[in-house]
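Below is target.cif, holding mmCIF, C-alpha atoms.
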data_my_file
#
loop_
_atom_site.group_PDB
_atom_site.id
_atom_site.type_symbol
_atom_site.label_atom_id
_atom_site.label_comp_id
_atom_site.auth_asym_id
_atom_site.auth_seq_id
_atom_site.Cartn_x
_atom_site.Cartn_y
_atom_site.Cartn_z
ATOM 1 C CA MET A 1 -89.847 63.097 145.588
ATOM 2 C CA SER A 2 -90.353 66.012 143.208
ATOM 3 C CA PRO A 3 -91.461 65.179 139.659
ATOM 4 C CA LYS A 4 -88.931 65.104 136.860
ATOM 5 C CA PRO A 5 -88.618 68.369 134.939
ATOM 6 C CA SER A 6 -90.650 68.250 131.744
ATOM 7 C CA GLU A 7 -89.893 70.061 128.500
ATOM 8 C CA LEU A 8 -93.284 69.309 126.955
ATOM 9 C CA PHE A 9 -95.455 69.842 130.024
ATOM 10 C CA HIS A 10 -93.723 72.914 131.352
ATOM 11 C CA TYR A 11 -96.655 75.333 131.367
ATOM 12 C CA THR A 12 -98.370 75.761 134.737
ATOM 13 C CA GLY A 13 -99.882 79.239 134.326
ATOM 14 C CA PRO A 14 -103.536 80.275 134.029
ATOM 15 C CA ASP A 15 -105.824 78.056 131.981
ATOM 16 C CA LEU A 16 -105.712 78.785 128.259
ATOM 17 C CA GLU A 17 -108.837 79.257 126.176
ATOM 18 C CA GLU A 18 -107.644 77.167 123.226
ATOM 19 C CA PRO A 19 -109.428 73.773 122.931
ATOM 20 C CA GLY A 20 -106.164 71.820 122.938
ATOM 21 C CA TYR A 21 -105.303 73.016 126.423
ATOM 22 C CA THR A 22 -107.914 70.706 127.994
ATOM 23 C CA THR A 23 -105.989 67.695 126.702
ATOM 24 C CA TYR A 24 -102.687 69.232 127.807
ATOM 25 C CA LYS A 25 -103.903 69.868 131.344
ATOM 26 C CA HIS A 26 -105.386 66.384 131.687
ATOM 27 C CA LEU A 27 -102.173 64.704 130.559
ATOM 28 C CA ARG A 28 -99.973 66.951 132.705
ATOM 29 C CA ASP A 29 -101.990 66.547 135.904
ATOM 30 C CA ASP A 30 -103.350 62.988 135.711
ATOM 31 C CA CYS A 31 -101.351 60.842 133.266
ATOM 32 C CA GLU A 32 -97.781 60.424 134.456
ATOM 33 C CA LEU A 33 -96.988 57.326 132.361
ATOM 34 C CA ASP A 34 -98.401 58.884 129.196
ATOM 35 C CA CYS A 35 -96.333 62.012 129.838
ATOM 36 C CA GLU A 36 -93.212 59.890 130.188
ATOM 37 C CA TYR A 37 -93.991 58.229 126.861
ATOM 38 C CA LEU A 38 -94.502 61.606 125.195
ATOM 39 C CA GLU A 39 -91.257 62.951 126.637
ATOM 40 C CA GLU A 40 -89.479 59.987 125.037
ATOM 41 C CA CYS A 41 -91.180 60.860 121.735
ATOM 42 C CA TRP A 42 -90.051 64.462 122.124
ATOM 43 C CA THR A 43 -86.435 63.385 122.620
ATOM 44 C CA LYS A 44 -86.594 61.300 119.415
ATOM 45 C CA PHE A 45 -88.367 64.099 117.563
ATOM 46 C CA LYS A 46 -85.601 66.545 118.471
ATOM 47 C CA GLN A 47 -82.945 64.059 117.393
ATOM 48 C CA LEU A 48 -84.678 63.747 114.012
ATOM 49 C CA GLY A 49 -84.423 67.533 113.636
ATOM 50 C CA LEU A 50 -88.073 67.916 112.627
ATOM 51 C CA ALA A 51 -89.533 70.164 115.338
ATOM 52 C CA ASP A 52 -90.618 73.711 114.486
ATOM 53 C CA PRO A 53 -88.774 76.459 116.415
ATOM 54 C CA ASP A 54 -92.001 77.277 118.280
ATOM 55 C CA PHE A 55 -93.099 73.663 118.869
ATOM 56 C CA LEU A 56 -92.739 73.819 122.648
ATOM 57 C CA ALA A 57 -94.315 77.263 122.906
ATOM 58 C CA ARG A 58 -97.378 76.137 120.959
ATOM 59 C CA PHE A 59 -97.648 72.700 122.554
ATOM 60 C CA PRO A 60 -100.030 73.588 125.446
ATOM 61 C CA ALA A 61 -102.592 75.251 123.158
ATOM 62 C CA GLU A 62 -102.279 72.754 120.286
ATOM 63 C CA CYS A 63 -101.616 69.614 122.291
ATOM 64 C CA PRO A 64 -103.538 66.929 120.295
ATOM 65 C CA GLU A 65 -102.250 68.146 116.919
ATOM 66 C CA ARG A 66 -98.667 68.485 118.141
ATOM 67 C CA ILE A 67 -98.694 65.063 119.798
ATOM 68 C CA TRP A 68 -99.896 63.452 116.559
ATOM 69 C CA GLU A 69 -97.268 65.254 114.471
ATOM 70 C CA MET A 70 -94.493 64.166 116.847
ATOM 71 C CA ARG A 71 -95.719 60.629 117.504
ATOM 72 C CA LEU A 72 -96.243 59.909 113.805
ATOM 73 C CA ALA A 73 -92.713 61.037 112.952
ATOM 74 C CA CYS A 74 -91.240 58.769 115.624
ATOM 75 C CA ILE A 75 -93.191 55.757 114.329
ATOM 76 C CA LEU A 76 -92.266 56.399 110.693
ATOM 77 C CA ALA A 77 -88.604 56.831 111.597
ATOM 78 C CA GLY A 78 -88.770 53.613 113.610
ATOM 79 C CA TRP A 79 -89.829 51.823 110.415
ATOM 80 C CA GLY A 80 -86.654 53.031 108.729
ATOM 81 C CA ILE A 81 -88.381 55.726 106.660
ATOM 82 C CA ASP A 82 -86.100 58.622 105.754
ATOM 83 C CA LEU A 83 -87.674 61.842 107.071
ATOM 84 C CA VAL A 84 -86.563 65.351 106.107
ATOM 85 C CA PRO A 85 -87.544 68.722 107.620
ATOM 86 C CA SER A 86 -89.247 71.557 105.802
ATOM 87 C CA PRO A 87 -86.690 73.817 104.077
ATOM 88 C CA ARG A 88 -87.996 76.620 106.281
ATOM 89 C CA ARG A 89 -88.832 75.468 109.791
ATOM 90 C CA GLY A 90 -92.276 76.534 110.896
ATOM 91 C CA ALA A 91 -93.513 77.023 107.316
ATOM 92 C CA GLY A 92 -94.614 74.661 104.592
ATOM 93 C CA MET A 93 -95.335 71.053 105.573
ATOM 94 C CA ASP A 94 -94.551 69.277 108.851
ATOM 95 C CA TYR A 95 -91.842 67.030 107.339
ATOM 96 C CA GLY A 96 -91.186 64.931 104.286
ATOM 97 C CA ILE A 97 -90.521 61.316 103.301
ATOM 98 C CA ARG A 98 -87.516 61.178 100.990
ATOM 99 C CA LEU A 99 -87.904 58.470 98.369
ATOM 100 C CA LYS A 100 -85.041 56.561 96.783
ATOM 101 C CA GLU A 101 -85.543 58.230 93.396
ATOM 102 C CA GLY A 102 -84.971 61.627 95.003
ATOM 103 C CA ARG A 103 -88.552 62.868 95.156
ATOM 104 C CA THR A 104 -90.280 63.830 98.385
ATOM 105 C CA VAL A 105 -93.710 63.025 99.766
ATOM 106 C CA TRP A 106 -94.590 65.659 102.356
ATOM 107 C CA VAL A 107 -96.560 64.794 105.488
ATOM 108 C CA GLU A 108 -99.058 67.152 107.032
ATOM 109 C CA ALA A 109 -100.582 65.979 110.320
ATOM 110 C CA THR A 110 -103.943 67.191 111.578
ATOM 111 C CA ALA A 111 -106.305 66.308 114.443
ATOM 112 C CA PRO A 112 -109.706 67.816 113.561
ATOM 113 C CA ARG A 113 -112.179 68.694 116.284
ATOM 114 C CA SER A 114 -115.814 67.614 116.305
ATOM 115 C CA GLY A 115 -117.060 70.870 114.761
ATOM 116 C CA GLU A 116 -119.872 73.218 115.733
ATOM 117 C CA GLY A 117 -123.555 73.746 115.085
ATOM 118 C CA ALA A 118 -125.841 71.324 113.270
ATOM 119 C CA ASP A 119 -122.923 69.524 111.606
ATOM 120 C CA GLN A 120 -121.075 68.844 114.858
ATOM 121 C CA VAL A 121 -120.225 65.237 115.633
ATOM 122 C CA TRP A 122 -122.449 64.600 118.627
ATOM 123 C CA ALA A 123 -122.223 61.346 120.573
ATOM 124 C CA PRO A 124 -123.446 61.773 124.177
ATOM 125 C CA ASN A 125 -121.388 59.631 126.557
ATOM 126 C CA ASP A 126 -119.698 58.128 123.474
ATOM 127 C CA THR A 127 -122.866 56.118 122.765
ATOM 128 C CA LEU A 128 -123.641 55.189 119.171
ATOM 129 C CA LEU A 129 -127.278 56.362 119.198
ATOM 130 C CA PHE A 130 -127.504 57.827 115.702
ATOM 131 C CA GLY A 131 -125.094 55.870 113.542
ATOM 132 C CA ALA A 132 -125.994 57.412 110.193
ATOM 133 C CA GLU A 133 -125.848 60.944 111.591
ATOM 134 C CA ILE A 134 -122.488 60.324 113.283
ATOM 135 C CA GLU A 135 -121.124 58.947 110.012
ATOM 136 C CA ARG A 136 -122.409 62.004 108.104
ATOM 137 C CA THR A 137 -120.923 64.556 110.483
ATOM 138 C CA THR A 138 -117.649 62.650 110.932
ATOM 139 C CA GLY A 139 -117.304 62.316 107.164
ATOM 140 C CA LEU A 140 -117.726 66.064 106.821
ATOM 141 C CA ARG A 141 -114.948 66.645 109.385
ATOM 142 C CA TYR A 142 -112.572 64.400 107.448
ATOM 143 C CA LEU A 143 -113.389 66.069 104.132
ATOM 144 C CA ASN A 144 -112.926 69.532 105.642
ATOM 145 C CA SER A 145 -109.488 68.579 106.984
ATOM 146 C CA ILE A 146 -108.435 67.113 103.638
ATOM 147 C CA ALA A 147 -109.543 70.240 101.768
ATOM 148 C CA LYS A 148 -107.630 72.538 104.144
ATOM 149 C CA LYS A 149 -104.425 70.530 103.877
ATOM 150 C CA ARG A 150 -104.640 70.485 100.075
ATOM 151 C CA GLU A 151 -104.943 74.274 100.136
ATOM 152 C CA GLN A 152 -101.958 74.487 102.478
ATOM 153 C CA PHE A 153 -99.919 72.300 100.137
ATOM 154 C CA GLU A 154 -100.769 74.558 97.190
ATOM 155 C CA ARG A 155 -99.630 77.608 99.171
ATOM 156 C CA ALA A 156 -96.370 75.801 99.991
ATOM 157 C CA ILE A 157 -95.831 75.189 96.262
ATOM 158 C CA GLN A 158 -96.442 78.863 95.508
ATOM 159 C CA ALA A 159 -93.950 79.812 98.249
ATOM 160 C CA GLN A 160 -91.424 77.364 96.745
ATOM 161 C CA LEU A 161 -91.261 75.405 99.996
ATOM 162 C CA VAL A 162 -92.123 72.184 98.160
ATOM 163 C CA ALA A 163 -91.525 71.204 94.538
ATOM 164 C CA PRO A 164 -94.495 71.148 92.129
ATOM 165 C CA ASN A 165 -93.945 67.445 91.438
ATOM 166 C CA ASP A 166 -93.756 66.436 95.123
ATOM 167 C CA GLY A 167 -96.489 64.429 96.817
ATOM 168 C CA LEU A 168 -98.585 64.913 99.945
ATOM 169 C CA ILE A 169 -99.732 62.551 102.678
ATOM 170 C CA ILE A 170 -102.546 63.941 104.809
ATOM 171 C CA ALA A 171 -102.310 62.288 108.231
ATOM 172 C CA ILE A 172 -105.546 62.537 110.220
ATOM 173 C CA SER A 173 -105.873 61.671 113.888
ATOM 174 C CA GLY A 174 -109.393 61.003 115.156
ATOM 175 C CA VAL A 175 -108.481 61.641 118.778
ATOM 176 C CA GLN A 176 -110.684 64.762 119.106
ATOM 177 C CA ILE A 177 -113.751 63.256 117.418
ATOM 178 C CA PRO A 178 -115.902 60.736 119.324
ATOM 179 C CA LEU A 179 -116.271 57.129 118.118
ATOM 180 C CA THR A 180 -113.726 57.303 115.301
ATOM 181 C CA ASP A 181 -112.655 53.792 116.278
ATOM 182 C CA HIS A 182 -116.141 52.461 115.531
ATOM 183 C CA GLN A 183 -116.435 50.331 112.410
ATOM 184 C CA THR A 184 -119.443 48.340 111.213
ATOM 185 C CA PRO A 185 -118.433 44.670 110.843
ATOM 186 C CA GLY A 186 -117.905 43.796 107.204
ATOM 187 C CA GLU A 187 -117.687 47.443 106.156
ATOM 188 C CA ALA A 188 -114.666 49.447 105.084
ATOM 189 C CA PRO A 189 -113.460 52.121 107.547
ATOM 190 C CA LEU A 190 -115.197 55.464 107.152
ATOM 191 C CA ILE A 191 -112.058 57.184 105.866
ATOM 192 C CA VAL A 192 -112.038 54.704 102.947
ATOM 193 C CA LYS A 193 -115.709 55.349 102.232
ATOM 194 C CA VAL A 194 -115.123 59.092 102.271
ATOM 195 C CA LEU A 195 -112.323 58.903 99.704
ATOM 196 C CA PHE A 196 -113.974 56.450 97.308
ATOM 197 C CA GLY A 197 -117.603 57.586 97.534
ATOM 198 C CA LEU A 198 -118.934 54.482 99.251
ATOM 199 C CA GLY A 199 -122.088 54.100 101.307
ATOM 200 C CA ASP A 200 -123.370 51.185 103.351
ATOM 201 C CA SER A 201 -123.388 47.619 102.084
ATOM 202 C CA PRO A 202 -126.950 46.202 102.042
ATOM 203 C CA PHE A 203 -127.863 42.686 103.070
ATOM 204 C CA LEU A 204 -129.196 40.625 100.177
ATOM 205 C CA VAL A 205 -131.647 37.817 100.996
ATOM 206 C CA ASP A 206 -132.436 34.935 98.636
ATOM 207 C CA LEU A 207 -136.222 34.527 98.725
ATOM 208 C CA HIS A 208 -136.048 30.792 97.989
ATOM 209 C CA SER A 209 -133.316 29.674 100.380
ATOM 210 C CA GLY A 210 -133.565 32.437 102.942
ATOM 211 C CA ARG A 211 -129.808 32.821 102.876
ATOM 212 C CA SER A 212 -128.402 36.300 103.275
ATOM 213 C CA ARG A 213 -125.147 37.897 102.245
ATOM 214 C CA ARG A 214 -123.711 41.368 102.256
ATOM 215 C CA GLY A 215 -123.863 43.031 98.866
ATOM 216 C CA PRO A 216 -121.464 45.565 97.371
ATOM 217 C CA PRO A 217 -121.477 49.033 98.938
ATOM 218 C CA MET A 218 -123.946 51.560 97.595
ATOM 219 C CA PRO A 219 -122.501 54.686 95.974
ATOM 220 C CA ARG A 220 -122.368 57.856 98.076
ATOM 221 C CA PRO A 221 -120.879 60.609 95.923
ATOM 222 C CA SER A 222 -121.224 63.298 98.615
ATOM 223 C CA PHE A 223 -121.986 64.140 102.242
ATOM 224 C CA ARG A 224 -124.817 66.565 102.824
ATOM 225 C CA LYS A 225 -124.407 69.562 105.100
ATOM 226 C CA SER A 226 -127.269 70.648 107.373
ATOM 227 C CA ARG A 227 -127.816 73.787 105.277
ATOM 228 C CA GLY A 228 -128.385 71.696 102.156
ATOM 229 C CA SER A 229 -125.103 71.879 100.244
ATOM 230 C CA ASN A 230 -123.214 68.725 99.295
ATOM 231 C CA VAL A 231 -119.514 68.033 99.818
ATOM 232 C CA PRO A 232 -118.100 65.613 97.189
ATOM 233 C CA SER A 233 -116.654 62.403 98.595
ATOM 234 C CA ARG A 234 -115.050 60.678 95.612
ATOM 235 C CA LEU A 235 -111.668 62.359 95.755
ATOM 236 C CA PHE A 236 -109.690 59.240 94.877
ATOM 237 C CA LEU A 237 -111.917 58.259 91.942
ATOM 238 C CA THR A 238 -110.782 61.212 89.822
ATOM 239 C CA PRO A 239 -107.344 62.610 88.895
ATOM 240 C CA ASP A 240 -108.226 65.996 90.429
ATOM 241 C CA ALA A 241 -106.204 65.356 93.605
ATOM 242 C CA GLY A 242 -103.090 63.880 92.025
ATOM 243 C CA GLU A 243 -100.876 65.745 94.488
ATOM 244 C CA VAL A 244 -102.262 63.559 97.314
ATOM 245 C CA THR A 245 -100.242 60.361 97.603
ATOM 246 C CA GLY A 246 -102.622 59.034 100.218
ATOM 247 C CA VAL A 247 -104.439 59.643 103.478
ATOM 248 C CA LEU A 248 -103.181 58.081 106.699
ATOM 249 C CA PHE A 249 -105.692 57.751 109.534
ATOM 250 C CA ASP A 250 -105.336 56.767 113.180
ATOM 251 C CA PRO A 251 -108.413 56.671 115.433
ATOM 252 C CA TYR A 252 -106.457 56.706 118.689
ATOM 253 C CA GLY A 253 -104.390 59.096 120.750
ATOM 254 C CA PRO A 254 -101.498 58.471 123.143
ATOM 255 C CA LYS A 255 -103.645 57.240 126.028
ATOM 256 C CA ASN A 256 -105.029 54.238 124.100
ATOM 257 C CA ARG A 257 -102.165 53.781 121.664
ATOM 258 C CA PRO A 258 -101.625 50.177 120.468
ATOM 259 C CA GLU A 259 -98.638 49.639 122.752
ATOM 260 C CA THR A 260 -100.946 49.864 125.796
ATOM 261 C CA ARG A 261 -102.941 46.933 124.366
ATOM 262 C CA GLY A 262 -100.040 44.610 123.635
ATOM 263 C CA CYS A 263 -99.675 45.629 119.970
ATOM 264 C CA VAL A 264 -96.836 47.356 118.172
ATOM 265 C CA ALA A 265 -96.757 51.070 117.358
ATOM 266 C CA GLY A 266 -98.722 51.887 114.206
ATOM 267 C CA HIS A 267 -100.891 48.784 114.462
ATOM 268 C CA ASP A 268 -104.065 50.894 114.170
ATOM 269 C CA PHE A 269 -102.931 52.995 111.200
ATOM 270 C CA ILE A 270 -105.094 52.960 108.078
ATOM 271 C CA PHE A 271 -103.411 54.139 104.888
ATOM 272 C CA VAL A 272 -105.535 54.765 101.800
ATOM 273 C CA HIS A 273 -103.587 54.923 98.529
ATOM 274 C CA ASN A 274 -104.667 57.386 95.854
ATOM 275 C CA PRO A 275 -104.723 55.455 92.550
ATOM 276 C CA HIS A 276 -104.179 58.748 90.671
ATOM 277 C CA ALA A 277 -101.213 59.899 92.788
ATOM 278 C CA ARG A 278 -98.350 61.475 90.840
ATOM 279 C CA VAL A 279 -95.977 60.239 93.560
ATOM 280 C CA PRO A 280 -97.344 56.850 94.674
ATOM 281 C CA LEU A 281 -95.990 54.731 97.480
ATOM 282 C CA ASN A 282 -95.420 51.009 97.142
ATOM 283 C CA ILE A 283 -97.961 48.706 98.757
ATOM 284 C CA GLY A 284 -96.498 47.535 102.057
ATOM 285 C CA GLN A 285 -94.019 50.396 102.389
ATOM 286 C CA PHE A 286 -95.340 51.174 105.859
ATOM 287 C CA GLY A 287 -94.401 48.810 108.645
ATOM 288 C CA GLU A 288 -97.781 48.224 110.316
ATOM 289 C CA GLY A 289 -101.523 48.774 110.052
ATOM 290 C CA GLN A 290 -103.896 48.337 107.138
ATOM 291 C CA GLU A 291 -103.630 49.651 103.585
ATOM 292 C CA PHE A 292 -106.464 50.122 101.101
ATOM 293 C CA PHE A 293 -105.929 50.449 97.358
ATOM 294 C CA ILE A 294 -107.720 49.894 94.059
ATOM 295 C CA ARG A 295 -106.964 46.873 91.921
ATOM 296 C CA LEU A 296 -109.067 45.736 88.948
ATOM 297 C CA ASP A 297 -111.893 48.168 89.739
ATOM 298 C CA SER A 298 -112.313 46.922 93.292
ATOM 299 C CA ILE A 299 -111.015 48.139 96.613
ATOM 300 C CA GLN A 300 -108.496 45.788 98.158
ATOM 301 C CA GLN A 301 -107.234 45.636 101.695
ATOM 302 C CA CYS A 302 -103.693 44.798 102.728
ATOM 303 C CA ALA A 303 -103.726 43.778 106.381
ATOM 304 C CA ARG A 304 -100.496 42.643 107.974
ATOM 305 C CA ALA A 305 -100.244 39.667 110.273
ATOM 306 C CA GLU A 306 -100.241 40.304 114.002
ATOM 307 C CA LYS A 307 -96.825 40.589 115.577
ATOM 308 C CA ALA A 308 -96.201 39.332 119.057
ATOM 309 C CA PRO A 309 -95.582 42.155 121.529
ATOM 310 C CA THR A 310 -91.937 42.676 122.349
#
Conversion result in structure tokens:
Amino acid sequence: MSPKPSELFHYTGPDLEEPGYTTYKHLRDDCELDCEYLEECWTKFKQLGLADPDFLARFPAECPERIWEMRLACILAGWGIDLVPSPRRGAGMDYGIRLKEGRTVWVEATAPRSGEGADQVWAPNDTLLFGAEIERTTGLRYLNSIAKKREQFERAIQAQLVAPNDGLIIAISGVQIPLTDHQTPGEAPLIVKVLFGLGDSPFLVDLHSGRSRRGPPMPRPSFRKSRGSNVPSRLFLTPDAGEVTGVLFDPYGPKNRPETRGCVAGHDFIFVHNPHARVPLNIGQFGEGQEFFIRLDSIQQCARAEKAPT
């Protein structure tokens, strides 16, 4: 029996040099069930009217980024969130969330790679050999992605593709960076640390009783590059990034999405609210995952109860 025709995985020509093509080729040739899932996402994405005119043409070369953009839209729409396209397809932001008061929070999805040189995220065989170094380099990748998307949002304002009082959600997928699903027990996820300038939490030992407890996290106002410069990591502790409503993070890609583990779509999402956002979202507005926000000078976590798989 010949395979079903595929709109997404149509390219069968010579190998492309772009990094995303490796993921494309692996899915196309070895992951039939995942391809079927992604074709279903593509059908929904088209029905939502959010795809760029060149989405299919660019899909083989930009596979991880395009999958994340499409998959995220399908999950948000499934939660009943009202999504709107960019006023000029293929320019501006990926799509927007239309709020009840008429304002729009634009979503820009990105799937950063592990980088190059001395600041590359290096984890041989996905083994956590150098935890502090992996955290440093991964933090730098997140901060670089956030900075680029803020610049893109400013260009969209200048081009009048978004309104100056609109908001921005930067949606980061960790699928191309090793060990982004790793989290030290008792610690906040790295994306939270990056945005609020938090380091590790030390263990405190009472010398009389011998009892130990985890203390508050140490401050980490920046991540140091290998060449010596520092990249600030307290973006959400100042009003300087008021255009950013929040950062949404997902460590997984389509192959190990929550649905394959008996959980609902979006279960692994982490949304970090910006306390200085000019267009904030309500706590609990998203349907699944965890949310982190500041209340009374402390970082609070909103974790939803598990739902039985349907």
Can you translate the PyMOL selection byres ((chain A and resi 72) around 12) into the concrete residues it hits in this file, as a CSV table (one decimal) with C-alpha atoms, keeping the file's coordinate frame?
chain,number,residue,atom,x,y,z
A,38,LEU,CA,-94.5,61.6,125.2
A,41,CYS,CA,-91.2,60.9,121.7
A,42,TRP,CA,-90.1,64.5,122.1
A,44,LYS,CA,-86.6,61.3,119.4
A,45,PHE,CA,-88.4,64.1,117.6
A,50,LEU,CA,-88.1,67.9,112.6
A,65,GLU,CA,-102.2,68.1,116.9
A,66,ARG,CA,-98.7,68.5,118.1
A,67,ILE,CA,-98.7,65.1,119.8
A,68,TRP,CA,-99.9,63.5,116.6
A,69,GLU,CA,-97.3,65.3,114.5
A,70,MET,CA,-94.5,64.2,116.8
A,71,ARG,CA,-95.7,60.6,117.5
A,73,ALA,CA,-92.7,61.0,113.0
A,74,CYS,CA,-91.2,58.8,115.6
A,75,ILE,CA,-93.2,55.8,114.3
A,76,LEU,CA,-92.3,56.4,110.7
A,77,ALA,CA,-88.6,56.8,111.6
A,78,GLY,CA,-88.8,53.6,113.6
A,79,TRP,CA,-89.8,51.8,110.4
A,81,ILE,CA,-88.4,55.7,106.7
A,83,LEU,CA,-87.7,61.8,107.1
A,94,ASP,CA,-94.6,69.3,108.9
A,95,TYR,CA,-91.8,67.0,107.3
A,96,GLY,CA,-91.2,64.9,104.3
A,107,VAL,CA,-96.6,64.8,105.5
A,108,GLU,CA,-99.1,67.2,107.0
A,109,ALA,CA,-100.6,66.0,110.3
A,110,THR,CA,-103.9,67.2,111.6
A,111,ALA,CA,-106.3,66.3,114.4
A,169,ILE,CA,-99.7,62.6,102.7
A,170,ILE,CA,-102.5,63.9,104.8
A,171,ALA,CA,-102.3,62.3,108.2
A,172,ILE,CA,-105.5,62.5,110.2
A,173,SER,CA,-105.9,61.7,113.9
A,248,LEU,CA,-103.2,58.1,106.7
A,249,PHE,CA,-105.7,57.8,109.5
A,250,ASP,CA,-105.3,56.8,113.2
A,252,TYR,CA,-106.5,56.7,118.7
A,253,GLY,CA,-104.4,59.1,120.8
A,254,PRO,CA,-101.5,58.5,123.1
A,257,ARG,CA,-102.2,53.8,121.7
A,265,ALA,CA,-96.8,51.1,117.4
A,266,GLY,CA,-98.7,51.9,114.2
A,268,ASP,CA,-104.1,50.9,114.2
A,269,PHE,CA,-102.9,53.0,111.2
A,286,PHE,CA,-95.3,51.2,105.9
Asn165 (chain A) surroundings by all atoms listed in the file, 9 Å radius, close-in-sequence under 2 positions cut, as JSON, numbers by chain: {"A": [103, 104, 162, 163, 167, 243, 278, 279]}
With 4 Å of padding per side, what axis-aligned box (centre and edge lengths, Å, one decimal) covers all the listed atoms of region 103-122 of chain A? Give it as JSON.
{"center_x": -107.2, "center_y": 68.3, "center_z": 106.9, "size_x": 45.3, "size_y": 18.9, "size_z": 31.5}
What do you get, as a PyMOL selection string, if you spell out every residue that the PyMOL selection byres ((chain A and resi 177-183) around 12) selects here? chain A and resi 64+111-116+120-131+134-135+137-142+172-176+184-193+200+249-253+256-257+268-270
Report the distance between CA of Phe55 (chain A) and CA of Gly289 (chain A) in Å, rounded to one decimal place. 27.7 Å
The residues within 7 Å of (-105.2, 53.7, 94.0), using only C-alpha atoms and the coordinates of the file, should be reported as a compact mmCIF listing (two decimals) with C-alpha atoms, in the coordinates of the input; which are they?
# COMPACT_ATOMS: atom_id res chain seq x y z
CA HIS A 273 -103.59 54.92 98.53
CA ASN A 274 -104.67 57.39 95.85
CA PRO A 275 -104.72 55.46 92.55
CA HIS A 276 -104.18 58.75 90.67
CA PHE A 293 -105.93 50.45 97.36
CA ILE A 294 -107.72 49.89 94.06
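Each of A:Lys255, A:Gln290, A:Leu168, A:Lys225 was checked against Cys35 (chain A) using all atoms listed in the file; the smallest atom-to-atom distance is that of A:Lys255.
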For the provided coordinates, the residues matched by the PyMOL selection byres ((chain A and resi 21) around 12) should be stated as a PyMOL selection string. chain A and resi 9+11-20+22-29+58-66
My list of candidates is A:Gly197, A:Glu7, A:Gly262, A:Glu32. Which is closest to Leu235 (chain A) when distances are computed with only C-alpha atoms? A:Gly197
Please determine, counting only C-alpha atoms, which residue among A:Asp52, A:His10, A:Pro216, A:Gly284 has the shortest atom-to-atom distance to Glu39 (chain A). A:His10
Rounded to one decimal in Å, what is the spacing between CA of Ser222 (chain A) and CA of Ala118 (chain A)? 17.3 Å
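Distances to Asn230 (chain A) were evaluated for A:Leu48, A:Val264, A:Leu207, A:Leu143 using all atoms listed in the file, and the minimum falls at A:Leu143.
Once Arg89 (chain A) and its same-chain neighbours fewer than 4 positions away are set aside, A:Ala51, A:Asp52, A:Pro53, A:Pro85 remain within 8 Å of it when counting all atoms listed in the file.
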For a test of reading the model, state the distance in Å between CA of Ser212 (chain A) and CA of Ser233 (chain A), rounded to one decimal. 29.0 Å
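Counting only C-alpha atoms and comparing A:Gly246, A:Thr43, A:Ile157, A:Ser226, the residue that lies closest to Gly117 (chain A) is A:Ser226.
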Kindly write region 152-163 of chain A with N, CA and C atoms to a file, as a PDB file, in the first residue's frame.
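Contents of part.pdb, freshly written:
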ATOM      1  N   GLN A 152      12.304  42.102  17.001  1.00  0.00           N
ATOM      2  CA  GLN A 152      11.352  41.865  15.919  1.00  0.00           C
ATOM      3  C   GLN A 152      10.024  42.551  16.209  1.00  0.00           C
ATOM      4  N   PHE A 153       9.597  42.528  17.442  1.00  0.00           N
ATOM      5  CA  PHE A 153       8.344  43.181  17.826  1.00  0.00           C
ATOM      6  C   PHE A 153       8.449  44.690  17.625  1.00  0.00           C
ATOM      7  N   GLU A 154       9.585  45.272  17.959  1.00  0.00           N
ATOM      8  CA  GLU A 154       9.775  46.710  17.767  1.00  0.00           C
ATOM      9  C   GLU A 154       9.737  47.061  16.285  1.00  0.00           C
ATOM     10  N   ARG A 155      10.330  46.223  15.441  1.00  0.00           N
ATOM     11  CA  ARG A 155      10.266  46.471  13.995  1.00  0.00           C
ATOM     12  C   ARG A 155       8.829  46.376  13.492  1.00  0.00           C
ATOM     13  N   ALA A 156       8.049  45.438  14.050  1.00  0.00           N
ATOM     14  CA  ALA A 156       6.648  45.306  13.645  1.00  0.00           C
ATOM     15  C   ALA A 156       5.855  46.543  14.050  1.00  0.00           C
ATOM     16  N   ILE A 157       6.178  47.144  15.192  1.00  0.00           N
ATOM     17  CA  ILE A 157       5.521  48.388  15.594  1.00  0.00           C
ATOM     18  C   ILE A 157       5.861  49.497  14.608  1.00  0.00           C
ATOM     19  N   GLN A 158       7.139  49.609  14.260  1.00  0.00           N
ATOM     20  CA  GLN A 158       7.569  50.648  13.328  1.00  0.00           C
ATOM     21  C   GLN A 158       6.915  50.473  11.958  1.00  0.00           C
ATOM     22  N   ALA A 159       6.664  49.221  11.567  1.00  0.00           N
ATOM     23  CA  ALA A 159       6.022  48.943  10.275  1.00  0.00           C
ATOM     24  C   ALA A 159       4.503  49.001  10.367  1.00  0.00           C
ATOM     25  N   GLN A 160       3.993  49.346  11.552  1.00  0.00           N
ATOM     26  CA  GLN A 160       2.550  49.458  11.797  1.00  0.00           C
ATOM     27  C   GLN A 160       1.816  48.131  11.567  1.00  0.00           C
ATOM     28  N   LEU A 161       2.514  47.035  11.848  1.00  0.00           N
ATOM     29  CA  LEU A 161       1.895  45.716  11.776  1.00  0.00           C
ATOM     30  C   LEU A 161       1.278  45.316  13.107  1.00  0.00           C
ATOM     31  N   VAL A 162       1.711  45.949  14.182  1.00  0.00           N
ATOM     32  CA  VAL A 162       1.097  45.780  15.497  1.00  0.00           C
ATOM     33  C   VAL A 162       0.939  47.171  16.101  1.00  0.00           C
ATOM     34  N   ALA A 163       0.001  47.314  17.020  1.00  0.00           N
ATOM     35  CA  ALA A 163      -0.230  48.608  17.660  1.00  0.00           C
ATOM     36  C   ALA A 163       0.782  48.835  18.776  1.00  0.00           C
TER      37      ALA A 163
END
